[in-house]
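Peer 1: Got a structure for you, query-v1.cif, holding mmCIF, C-alpha atoms and all ligand atoms.
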```
data_start
#
loop_
_atom_site.label_atom_id
_atom_site.label_comp_id
_atom_site.auth_asym_id
_atom_site.auth_seq_id
_atom_site.Cartn_x
_atom_site.Cartn_y
_atom_site.Cartn_z
CA MET I 1 -29.03 -10.48 0.67
CA LYS I 2 -27.12 -13.75 1.00
CA ASP I 3 -23.54 -13.45 2.26
CA LYS I 4 -20.91 -13.28 -0.45
CA ILE I 5 -17.76 -15.26 0.29
CA ILE I 6 -14.67 -14.26 -1.71
CA LEU I 7 -11.45 -16.21 -1.99
CA ALA I 8 -8.76 -13.64 -2.74
CA ILE I 9 -5.21 -14.02 -4.03
CA GLU I 10 -2.38 -11.45 -3.98
CA SER I 11 1.08 -11.91 -5.53
CA SER I 12 2.02 -8.53 -7.00
CA CYS I 13 5.39 -8.11 -5.28
CA ASP I 14 7.11 -10.15 -2.58
CA GLU I 15 4.20 -11.49 -0.54
CA THR I 16 2.17 -14.55 -1.55
CA SER I 17 -1.18 -14.21 0.14
CA ALA I 18 -4.64 -15.80 0.12
CA ALA I 19 -7.66 -14.80 2.16
CA VAL I 20 -11.33 -15.57 2.65
CA VAL I 21 -13.48 -12.47 3.11
CA VAL I 22 -17.24 -12.19 3.69
CA ASN I 23 -19.18 -9.21 2.29
CA GLY I 24 -16.02 -7.15 1.84
CA ARG I 25 -15.55 -6.50 5.56
CA LYS I 26 -15.24 -9.71 7.57
CA VAL I 27 -11.98 -11.66 7.30
CA LEU I 28 -12.19 -15.42 7.91
CA SER I 29 -8.54 -15.99 7.05
CA ASN I 30 -5.62 -13.93 5.71
CA ILE I 31 -2.50 -16.05 5.11
CA ILE I 32 0.65 -14.14 4.13
CA SER I 33 3.88 -15.82 3.09
CA SER I 34 6.58 -13.14 2.97
CA GLN I 35 9.76 -13.40 0.92
CA ILE I 36 11.46 -10.53 2.76
CA ASP I 37 14.25 -12.72 4.19
CA ILE I 38 15.23 -13.88 0.70
CA HIS I 39 15.25 -10.40 -0.87
CA THR I 40 17.06 -8.83 2.11
CA LYS I 41 20.25 -10.55 0.91
CA PHE I 42 20.02 -8.57 -2.35
CA GLY I 43 19.00 -5.26 -0.76
CA GLY I 44 15.66 -5.19 -2.58
CA VAL I 45 13.10 -7.31 -4.42
CA VAL I 46 14.58 -9.39 -7.27
CA PRO I 47 11.66 -9.92 -9.70
CA GLU I 48 12.73 -13.32 -11.06
CA VAL I 49 13.32 -14.69 -7.56
CA ALA I 50 9.92 -13.32 -6.48
CA SER I 51 8.11 -15.17 -9.30
CA ARG I 52 9.76 -18.48 -8.45
CA LYS I 53 8.95 -18.14 -4.76
CA HIS I 54 5.31 -17.32 -5.55
CA ILE I 55 5.06 -20.56 -7.54
CA GLU I 56 6.33 -22.53 -4.55
CA ALA I 57 4.08 -20.80 -2.04
CA ILE I 58 0.77 -20.29 -3.82
CA ASN I 59 -0.76 -23.74 -3.40
CA PRO I 60 -0.04 -24.20 0.33
CA VAL I 61 -1.06 -20.58 1.05
CA VAL I 62 -4.46 -21.00 -0.65
CA GLU I 63 -5.03 -24.37 1.05
CA GLU I 64 -4.24 -22.86 4.43
CA ALA I 65 -6.59 -19.92 3.80
CA ILE I 66 -9.48 -22.28 3.01
CA LEU I 67 -8.67 -24.51 5.99
CA GLU I 68 -8.39 -21.65 8.47
CA ALA I 69 -11.64 -20.10 7.23
CA GLY I 70 -13.41 -23.40 7.94
CA ILE I 71 -15.04 -23.52 4.52
CA THR I 72 -14.69 -25.63 1.38
CA LEU I 73 -13.97 -24.37 -2.13
CA ASP I 74 -17.65 -25.02 -2.99
CA ASP I 75 -18.71 -22.36 -0.46
CA ILE I 76 -17.01 -19.47 -2.24
CA ASP I 77 -18.97 -17.10 -4.49
CA ALA I 78 -16.03 -15.71 -6.48
CA VAL I 79 -12.26 -15.73 -6.86
CA ALA I 80 -10.68 -12.26 -6.66
CA VAL I 81 -7.08 -11.69 -7.72
CA THR I 82 -4.65 -8.79 -8.11
CA TYR I 83 -3.90 -8.30 -11.84
CA GLY I 84 -1.95 -5.01 -11.55
CA PRO I 85 -0.03 -2.88 -10.85
CA GLY I 86 3.03 -4.88 -9.85
CA LEU I 87 5.83 -7.09 -11.13
CA VAL I 88 4.56 -8.86 -14.21
CA GLY I 89 6.06 -12.27 -13.44
CA ALA I 90 4.83 -12.13 -9.86
CA LEU I 91 1.32 -11.03 -10.88
CA LEU I 92 1.06 -13.83 -13.44
CA VAL I 93 1.54 -16.54 -10.82
CA GLY I 94 -1.47 -15.44 -8.75
CA LEU I 95 -3.54 -14.57 -11.80
CA GLN I 96 -3.04 -17.91 -13.58
CA TYR I 97 -3.73 -19.79 -10.36
CA ALA I 98 -6.93 -17.80 -9.77
CA LYS I 99 -8.09 -18.32 -13.35
CA GLY I 100 -7.55 -22.09 -13.06
CA LEU I 101 -9.48 -22.16 -9.81
CA ALA I 102 -12.36 -20.02 -11.09
CA TYR I 103 -12.63 -22.14 -14.25
CA SER I 104 -12.55 -25.49 -12.47
CA LEU I 105 -15.05 -24.38 -9.80
CA ASN I 106 -17.22 -22.56 -12.35
CA LYS I 107 -17.17 -19.39 -10.19
CA PRO I 108 -16.73 -15.79 -11.34
CA LEU I 109 -13.21 -14.35 -11.59
CA ILE I 110 -12.72 -10.76 -10.40
CA GLY I 111 -9.57 -8.91 -11.36
CA VAL I 112 -8.62 -6.39 -8.66
CA ASN I 113 -6.39 -3.32 -8.81
CA HIS I 114 -3.76 -3.61 -6.07
CA ILE I 115 -4.08 0.07 -5.12
CA GLU I 116 -7.85 -0.28 -4.79
CA GLY I 117 -7.09 -3.19 -2.47
CA HIS I 118 -4.89 -1.01 -0.25
CA ILE I 119 -7.70 1.56 0.02
CA CYS I 120 -10.25 -1.18 0.87
CA ALA I 121 -8.11 -2.40 3.80
CA ASN I 122 -9.79 0.49 5.61
CA PHE I 123 -13.26 -1.02 5.04
CA ILE I 124 -12.09 -4.17 6.83
CA GLU I 125 -10.57 -2.29 9.76
CA HIS I 126 -13.35 0.28 10.13
CA LYS I 127 -16.66 -1.52 9.76
CA ASP I 128 -18.69 1.71 9.59
CA LEU I 129 -16.45 3.54 7.12
CA LYS I 130 -18.37 4.68 4.05
CA PRO I 131 -17.32 6.90 1.14
CA PRO I 132 -16.75 9.76 0.54
CA PHE I 133 -13.32 10.26 2.09
CA VAL I 134 -9.75 11.13 1.16
CA CYS I 135 -7.30 8.25 1.00
CA LEU I 136 -3.56 8.71 1.16
CA VAL I 137 -2.00 5.63 -0.45
CA VAL I 138 1.66 5.38 0.48
CA SER I 139 3.52 2.21 -0.37
CA GLY I 140 6.83 0.99 -1.76
CA GLY I 141 5.73 1.56 -5.34
CA HIS I 142 3.00 4.21 -5.10
CA THR I 143 2.05 7.53 -3.58
CA PHE I 144 -1.42 8.80 -4.33
CA ILE I 145 -3.99 11.15 -2.91
CA VAL I 146 -7.35 9.71 -3.86
CA HIS I 147 -10.86 11.08 -3.47
CA VAL I 148 -12.88 7.92 -2.75
CA MET I 149 -16.27 9.04 -4.07
CA ASP I 150 -18.07 5.71 -3.75
CA TYR I 151 -17.21 2.02 -3.47
CA GLY I 152 -14.94 1.35 -6.45
CA LYS I 153 -15.17 4.97 -7.66
CA PHE I 154 -12.00 7.02 -7.33
CA GLU I 155 -10.44 10.23 -8.48
CA VAL I 156 -6.67 10.56 -8.21
CA LEU I 157 -5.90 14.13 -7.13
CA GLY I 158 -2.19 13.90 -6.49
CA GLU I 159 0.65 11.49 -7.09
CA THR I 160 4.41 11.31 -6.92
CA ARG I 161 6.34 12.67 -9.89
CA ASP I 162 9.36 10.48 -9.13
CA ASP I 163 10.06 8.13 -6.19
CA ALA I 164 7.26 6.61 -4.12
CA ALA I 165 7.32 7.50 -0.42
CA GLY I 166 8.25 3.93 0.62
CA GLU I 167 10.93 3.81 -2.07
CA ALA I 168 12.51 6.96 -0.61
CA PHE I 169 12.45 5.39 2.87
CA ASP I 170 14.10 2.23 1.50
CA LYS I 171 16.81 4.14 -0.41
CA VAL I 172 17.69 6.42 2.50
CA ALA I 173 17.76 3.43 4.87
CA ARG I 174 20.21 1.68 2.56
CA ALA I 175 22.39 4.81 2.42
CA ILE I 176 22.67 4.99 6.19
CA GLY I 177 23.30 1.25 6.42
CA LEU I 178 20.01 0.09 7.90
CA GLY I 179 19.20 -2.57 5.29
CA TYR I 180 15.98 -3.65 3.58
CA PRO I 181 13.08 -2.96 3.97
CA GLY I 182 14.06 0.44 5.25
CA GLY I 183 10.74 2.00 6.25
CA PRO I 184 10.23 0.19 9.55
CA LYS I 185 13.93 0.65 10.45
CA ILE I 186 13.86 4.41 9.82
CA ASP I 187 10.63 4.63 11.81
CA LYS I 188 12.26 2.88 14.78
CA LEU I 189 15.61 4.69 14.67
CA SER I 190 13.88 8.09 14.30
CA LYS I 191 12.45 7.73 17.80
CA GLU I 192 16.01 8.19 19.13
CA GLY I 193 16.79 11.16 16.85
CA ASN I 194 16.02 14.86 16.59
CA LYS I 195 13.65 15.56 13.69
CA ASN I 196 14.79 19.21 13.57
CA ALA I 197 18.53 18.41 13.52
CA ILE I 198 18.97 18.71 9.74
CA LYS I 199 16.72 20.75 7.45
CA PHE I 200 16.11 18.56 4.40
CA PRO I 201 14.12 20.17 1.53
CA ARG I 202 10.36 19.87 1.02
CA ALA I 203 9.38 19.77 -2.66
CA ASN I 204 7.22 22.71 -3.59
CA PHE I 205 5.84 22.95 -7.13
CA HIS I 206 4.25 26.44 -7.00
CA ASP I 207 1.49 25.29 -9.39
CA ASN I 208 -1.39 24.52 -7.05
CA THR I 209 -0.75 20.81 -7.50
CA LEU I 210 -1.24 18.11 -4.89
CA ASP I 211 1.59 16.07 -6.44
CA PHE I 212 4.66 14.93 -4.54
CA SER I 213 8.35 14.58 -5.26
CA PHE I 214 10.68 12.62 -3.01
CA SER I 215 13.80 12.31 -5.13
CA GLY I 216 15.00 15.77 -3.98
CA VAL I 217 14.91 14.95 -0.29
CA LYS I 218 16.54 11.57 -0.97
CA SER I 219 19.40 13.21 -2.96
CA SER I 220 19.78 15.82 -0.27
CA VAL I 221 20.27 13.07 2.35
CA LEU I 222 22.85 11.37 0.11
CA ASN I 223 24.71 14.67 -0.40
CA TYR I 224 24.68 15.32 3.34
CA LEU I 225 26.14 11.87 4.04
CA ASN I 226 28.86 12.36 1.39
CA LYS I 227 29.79 15.76 2.76
CA MET I 228 30.01 14.44 6.32
CA ASN I 229 32.11 11.48 5.18
CA MET I 230 34.46 13.73 3.23
CA THR I 231 35.01 16.10 6.14
CA GLY I 232 35.36 13.17 8.52
CA GLU I 233 32.53 14.30 10.76
CA ILE I 234 30.56 11.80 12.78
CA ILE I 235 27.13 11.07 11.34
CA ASN I 236 24.29 10.83 13.80
CA LYS I 237 22.16 8.24 11.99
CA ALA I 238 19.16 8.71 14.26
CA ASP I 239 19.12 12.45 13.51
CA VAL I 240 19.41 11.81 9.76
CA ALA I 241 16.57 9.27 9.92
CA ALA I 242 14.31 11.51 12.00
CA SER I 243 14.98 14.62 9.88
CA PHE I 244 14.41 12.75 6.61
CA GLN I 245 11.22 11.17 7.95
CA GLU I 246 9.93 14.55 9.09
CA ALA I 247 10.54 16.06 5.63
CA VAL I 248 8.51 13.28 4.00
CA ILE I 249 5.59 13.27 6.42
CA ASP I 250 5.45 17.07 6.39
CA VAL I 251 4.51 17.17 2.69
CA LEU I 252 2.24 14.13 2.95
CA THR I 253 0.32 15.79 5.77
CA GLU I 254 0.15 19.20 4.11
CA ASN I 255 -1.14 17.91 0.76
CA VAL I 256 -3.74 15.62 2.31
CA LEU I 257 -5.12 18.40 4.49
CA THR I 258 -5.26 20.73 1.47
CA THR I 259 -7.23 18.03 -0.37
CA CYS I 260 -9.76 17.84 2.48
CA LYS I 261 -10.23 21.60 2.37
CA ARG I 262 -10.60 21.74 -1.42
CA ARG I 263 -13.07 18.86 -1.54
CA ASN I 264 -14.80 19.69 1.73
CA LEU I 265 -14.17 16.23 3.18
CA ASP I 266 -13.75 15.46 6.86
CA LYS I 267 -12.32 11.92 6.81
CA ILE I 268 -8.85 10.72 5.84
CA ALA I 269 -7.89 7.07 5.52
CA ILE I 270 -4.25 6.08 5.07
CA ALA I 271 -3.26 2.93 3.22
CA GLY I 272 -0.18 1.01 2.04
CA GLY I 273 3.02 -0.06 3.78
CA VAL I 274 4.06 3.47 4.82
CA ALA I 275 0.69 3.89 6.58
CA SER I 276 2.34 1.86 9.37
CA ASN I 277 4.73 4.73 10.01
CA SER I 278 4.20 5.87 13.58
CA ALA I 279 5.28 9.50 13.01
CA LEU I 280 2.96 9.86 10.00
CA ARG I 281 0.02 8.48 11.98
CA GLU I 282 0.73 10.81 14.87
CA LYS I 283 1.34 13.98 12.87
CA LEU I 284 -1.61 13.48 10.55
CA THR I 285 -3.94 12.71 13.45
CA VAL I 286 -2.84 15.84 15.37
CA GLU I 287 -2.89 18.23 12.39
CA ALA I 288 -6.18 16.88 11.02
CA GLY I 289 -7.70 17.05 14.49
CA LYS I 290 -7.02 20.80 14.60
CA ASN I 291 -9.30 21.10 11.55
CA GLY I 292 -12.00 18.73 12.84
CA ILE I 293 -10.91 16.02 10.40
CA LYS I 294 -10.85 12.36 11.44
CA VAL I 295 -7.91 10.12 10.50
CA LEU I 296 -8.27 6.36 10.09
CA PHE I 297 -5.63 3.75 9.42
CA PRO I 298 -5.63 -0.03 9.16
CA SER I 299 -3.68 -2.21 11.60
CA PRO I 300 -0.12 -2.92 10.31
CA ILE I 301 -1.00 -6.38 8.94
CA LEU I 302 -3.61 -4.79 6.66
CA CYS I 303 -1.26 -1.94 5.61
CA THR I 304 1.29 -4.24 4.07
CA ASP I 305 0.47 -6.40 1.03
CA ASN I 306 -2.19 -8.98 1.91
CA ALA I 307 -5.04 -10.79 0.17
CA ALA I 308 -7.80 -9.75 2.59
CA MET I 309 -7.75 -6.23 1.13
CA ILE I 310 -8.06 -7.77 -2.35
CA GLY I 311 -11.06 -9.78 -1.12
CA SER I 312 -12.69 -6.58 0.10
CA ALA I 313 -12.12 -4.74 -3.20
CA GLY I 314 -13.27 -7.86 -5.07
CA TYR I 315 -16.55 -7.89 -3.18
CA PHE I 316 -17.38 -4.29 -4.15
CA GLU I 317 -16.61 -5.14 -7.80
CA LEU I 318 -18.73 -8.31 -7.59
CA VAL I 319 -21.81 -6.50 -6.29
CA LYS I 320 -21.46 -4.01 -9.15
CA GLY I 321 -21.33 -6.92 -11.62
CA ASN I 322 -17.71 -6.28 -12.61
CA ILE I 323 -16.76 -9.84 -13.50
CA SER I 324 -13.54 -10.45 -15.44
CA SER I 325 -13.16 -12.74 -18.39
CA LEU I 326 -10.85 -15.74 -18.19
CA ASP I 327 -8.48 -14.15 -20.70
CA LEU I 328 -7.67 -11.35 -18.22
CA ASN I 329 -3.98 -10.50 -18.46
CA ALA I 330 -1.57 -9.05 -15.89
CA LYS I 331 -1.19 -5.26 -16.20
CA PRO I 332 2.05 -4.14 -14.50
CA ASN I 333 1.16 -0.45 -14.94
CA LEU I 334 -2.58 -0.61 -14.24
CA LYS I 335 -3.93 2.80 -13.18
CA LEU I 336 -6.43 3.33 -10.41
CA GLY I 337 -9.98 3.47 -11.78
CA GLU I 338 -8.92 1.76 -15.05
CA ARG I 339 -10.17 -1.77 -15.83
O1 LIG Z 401 2.33 -1.67 0.59
P1 LIG Z 401 3.63 -2.36 0.73
O2 LIG Z 401 3.72 -3.53 1.67
O3 LIG Z 401 4.12 -2.88 -0.66
C1 LIG Z 401 3.92 -2.19 -1.84
O4 LIG Z 401 2.83 -2.33 -2.46
O5 LIG Z 401 4.86 -1.43 -2.18
O6 LIG Z 401 4.68 -1.23 1.12
C2 LIG Z 401 6.02 -1.54 1.38
C3 LIG Z 401 6.74 -0.25 1.71
C4 LIG Z 401 8.25 -0.40 1.80
O7 LIG Z 401 8.86 0.64 1.06
C5 LIG Z 401 8.52 -0.23 3.30
O8 LIG Z 401 9.80 0.29 3.58
C6 LIG Z 401 7.42 0.73 3.69
O9 LIG Z 401 6.29 0.29 2.96
N1 LIG Z 401 7.12 0.70 5.13
C7 LIG Z 401 7.31 1.76 5.95
C8 LIG Z 401 6.97 1.31 7.26
N2 LIG Z 401 6.58 0.01 7.18
C9 LIG Z 401 6.68 -0.35 5.86
N3 LIG Z 401 7.72 3.01 5.70
C10 LIG Z 401 7.81 3.86 6.74
N4 LIG Z 401 7.54 3.50 8.02
C11 LIG Z 401 7.11 2.25 8.33
N5 LIG Z 401 6.82 1.92 9.59
ZN ZN Z 402 1.13 -2.81 -1.93
#
```
If you convert what's in this file into structure tokens, what do you get?
Ligand code: KG4
Ligand code: ZN
Peer 2:
Amino acid sequence: MKDKIILAIESSCDETSAAVVVNGRKVLSNIISSQIDIHTKFGGVVPEVASRKHIEAINPVVEEAILEAGITLDDIDAVAVTYGPGLVGALLVGLQYAKGLAYSLNKPLIGVNHIEGHICANFIEHKDLKPPFVCLVVSGGHTFIVHVMDYGKFEVLGETRDDAAGEAFDKVARAIGLGYPGGPKIDKLSKEGNKNAIKFPRANFHDNTLDFSFSGVKSSVLNYLNKMNMTGEIINKADVAASFQEAVIDVLTENVLTTCKRRNLDKIAIAGGVASNSALREKLTVEAGKNGIKVLFPSPILCTDNAAMIGSAGYFELVKGNISSLDLNAKPNLKLGER
């Protein structure tokens, strides 16, 4: 079969990204323009600011992706773009740009689910990875346990009932004065702390579910900090960070391993921004190893939002003939598996 070259665009949150990907696995370019510095001033992503910055960045980012890939726009077989879930104004910038490009080049448009993109980052990193496997998707907005049954075929087995894992990291980081985005900062500070210093709660639903809840552990950290402040005791931030992190990765690890047992699967892939977390990678690898289960994760640049992962997901949709119409709209609450 002739190679399929996909130009992919991602703008669902605070990264404007464009990439050129061949056959869903080989990345020719992956340009990411991050707005983190701008949003840091506000302590989190400001949707209206994000949309405006995407408009400024999209054209140069796409041009750079084409240039770095050493191709021309005529060489591409399809334009893939994230159309949900995400911030509606942010999504619309990438989507309208992609539609204009697909129309003017007379190439197919492929709408991609952002979460599916995160999962597919593993196909880029691990060239031999094939379904079935369990994927733990842990990002700033989402926490899912997914049974990846085939390319583009998913079953969600567990999800968060309140905060996403990354959101909990960001909120706790803000509470202990580490700033935004909090995940990487908690990860780093935790290395200097004692993960057993404070026993924060692990949510337990008693109903056989694989769902998560992180608002309890977050509130418990906030209560702890308040109590310490009121009694004038010195707070050891590294211990708080390490103990909080341990509480989160404990439940992530336990639920993913339970999923493997229930579905008789022996491969776990992690995806999303929190998949960069060093303690999660280590604990999951060790615990899974005890059960003969292999753990895979993408390199950090493919964990965070990027267009290469959208190009990979777009390829698997293209080969299945899932082409989108030019009236495709942004879907801020798009579910995994829904089109
Ligand atoms: O996937 P992502 O880049 O964007 C979303 O789609 O949400 O994930 C961003 C999230 C943020 O909450 C950030 O704090 C978290 O991933 N994150 C981490 C680490 N690196 C990024 N959380 C824990 N440890 C890390 N090393
Ligand atoms: Zn994401």
Peer 1: Tell me which protein, DNA and RNA residues are within 10 Å of stretch 13-16 of chain I, counting only C-alpha atoms, leaving out same-chain ones fewer than 4 positions away, and put them as a VMD selection string.
Peer 2: chain I and resid 9 31 to 36 38 to 39 44 to 47 49 to 51 53 to 59 61 to 62 85 to 91 93 to 94 140 to 141 304 to 307
Peer 1: What is the distance, in Å and to one decimal place, between atom CA of I:Asn30 and atom CA of I:Pro298?
Peer 2: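 Calculated distance between atom CA of I:Asn30 and atom CA of I:Pro298 is 14.3 Å.
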Peer 1: Can you pull out every residue with an atom within 6 Å of ligand LIG 401 (chain Z)? Use only C-alpha atoms and all ligand atoms and format it as a ChimeraX atom specification.
Peer 2: /I:139-141,166-167,169-170,181-184,187,272-274,276-277,304-305
Peer 1: Taking (-6.3, -12.9, 4.7) as a centre in this file's frame and 12 Å as the limit, can you find every polymer residue with an atom that close, using only C-alpha atoms, and give them as a PyMOL selection string?
Peer 2: chain I and resi 6-10+15-22+24-33+61-62+64-69+121+124+301-302+304-312
Peer 1: Using only C-alpha atoms for the distances, tell me which of I:Ile323, I:Leu336, I:Met230, I:Ala279 is nearest to I:Phe144.
Peer 2: I:Leu336
Peer 1: May I ask for the distance between atom CA of I:Arg263 and atom CA of I:Lys290, given in Å to one decimal place?
Peer 2: 17.3 Å
Peer 1: Do you know which residues are at most 8 Å from I:Ala247 counting all atoms listed in the file, after dropping those on the same chain fewer than 6 positions away, and could you put them as number ranges by chain?
Peer 2: I: 199-202, 217
Peer 1: Separation of atom CA of I:Lys267 and atom CA of I:Asn122, in Å?
Peer 2: 11.8 Å
Peer 1: Rank I:Leu157, I:Val248, I:Thr285, I:Val137 by their smallest atom-to-atom distance to ligand ZN 402 (chain Z), using only C-alpha atoms and all ligand atoms, and report the top residue only.
Peer 2: I:Val137
Peer 1: Pull the neighbourhood of (-4.1, 11.2, -5.4) for me: all residues within 6 Å in file coordinates, counting all atoms listed in the file, as number ranges by chain.
Peer 2: I: 144-146, 156-159
Peer 1: Using only C-alpha atoms and all ligand atoms, can you tell me which of I:Ala80, I:Cys303, I:Leu284, I:Ile234 comes closest to ligand ZN 402 (chain Z)?
Peer 2: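 Using only C-alpha atoms and all ligand atoms, the shortest distance to ligand ZN 402 (chain Z) belongs to I:Cys303.
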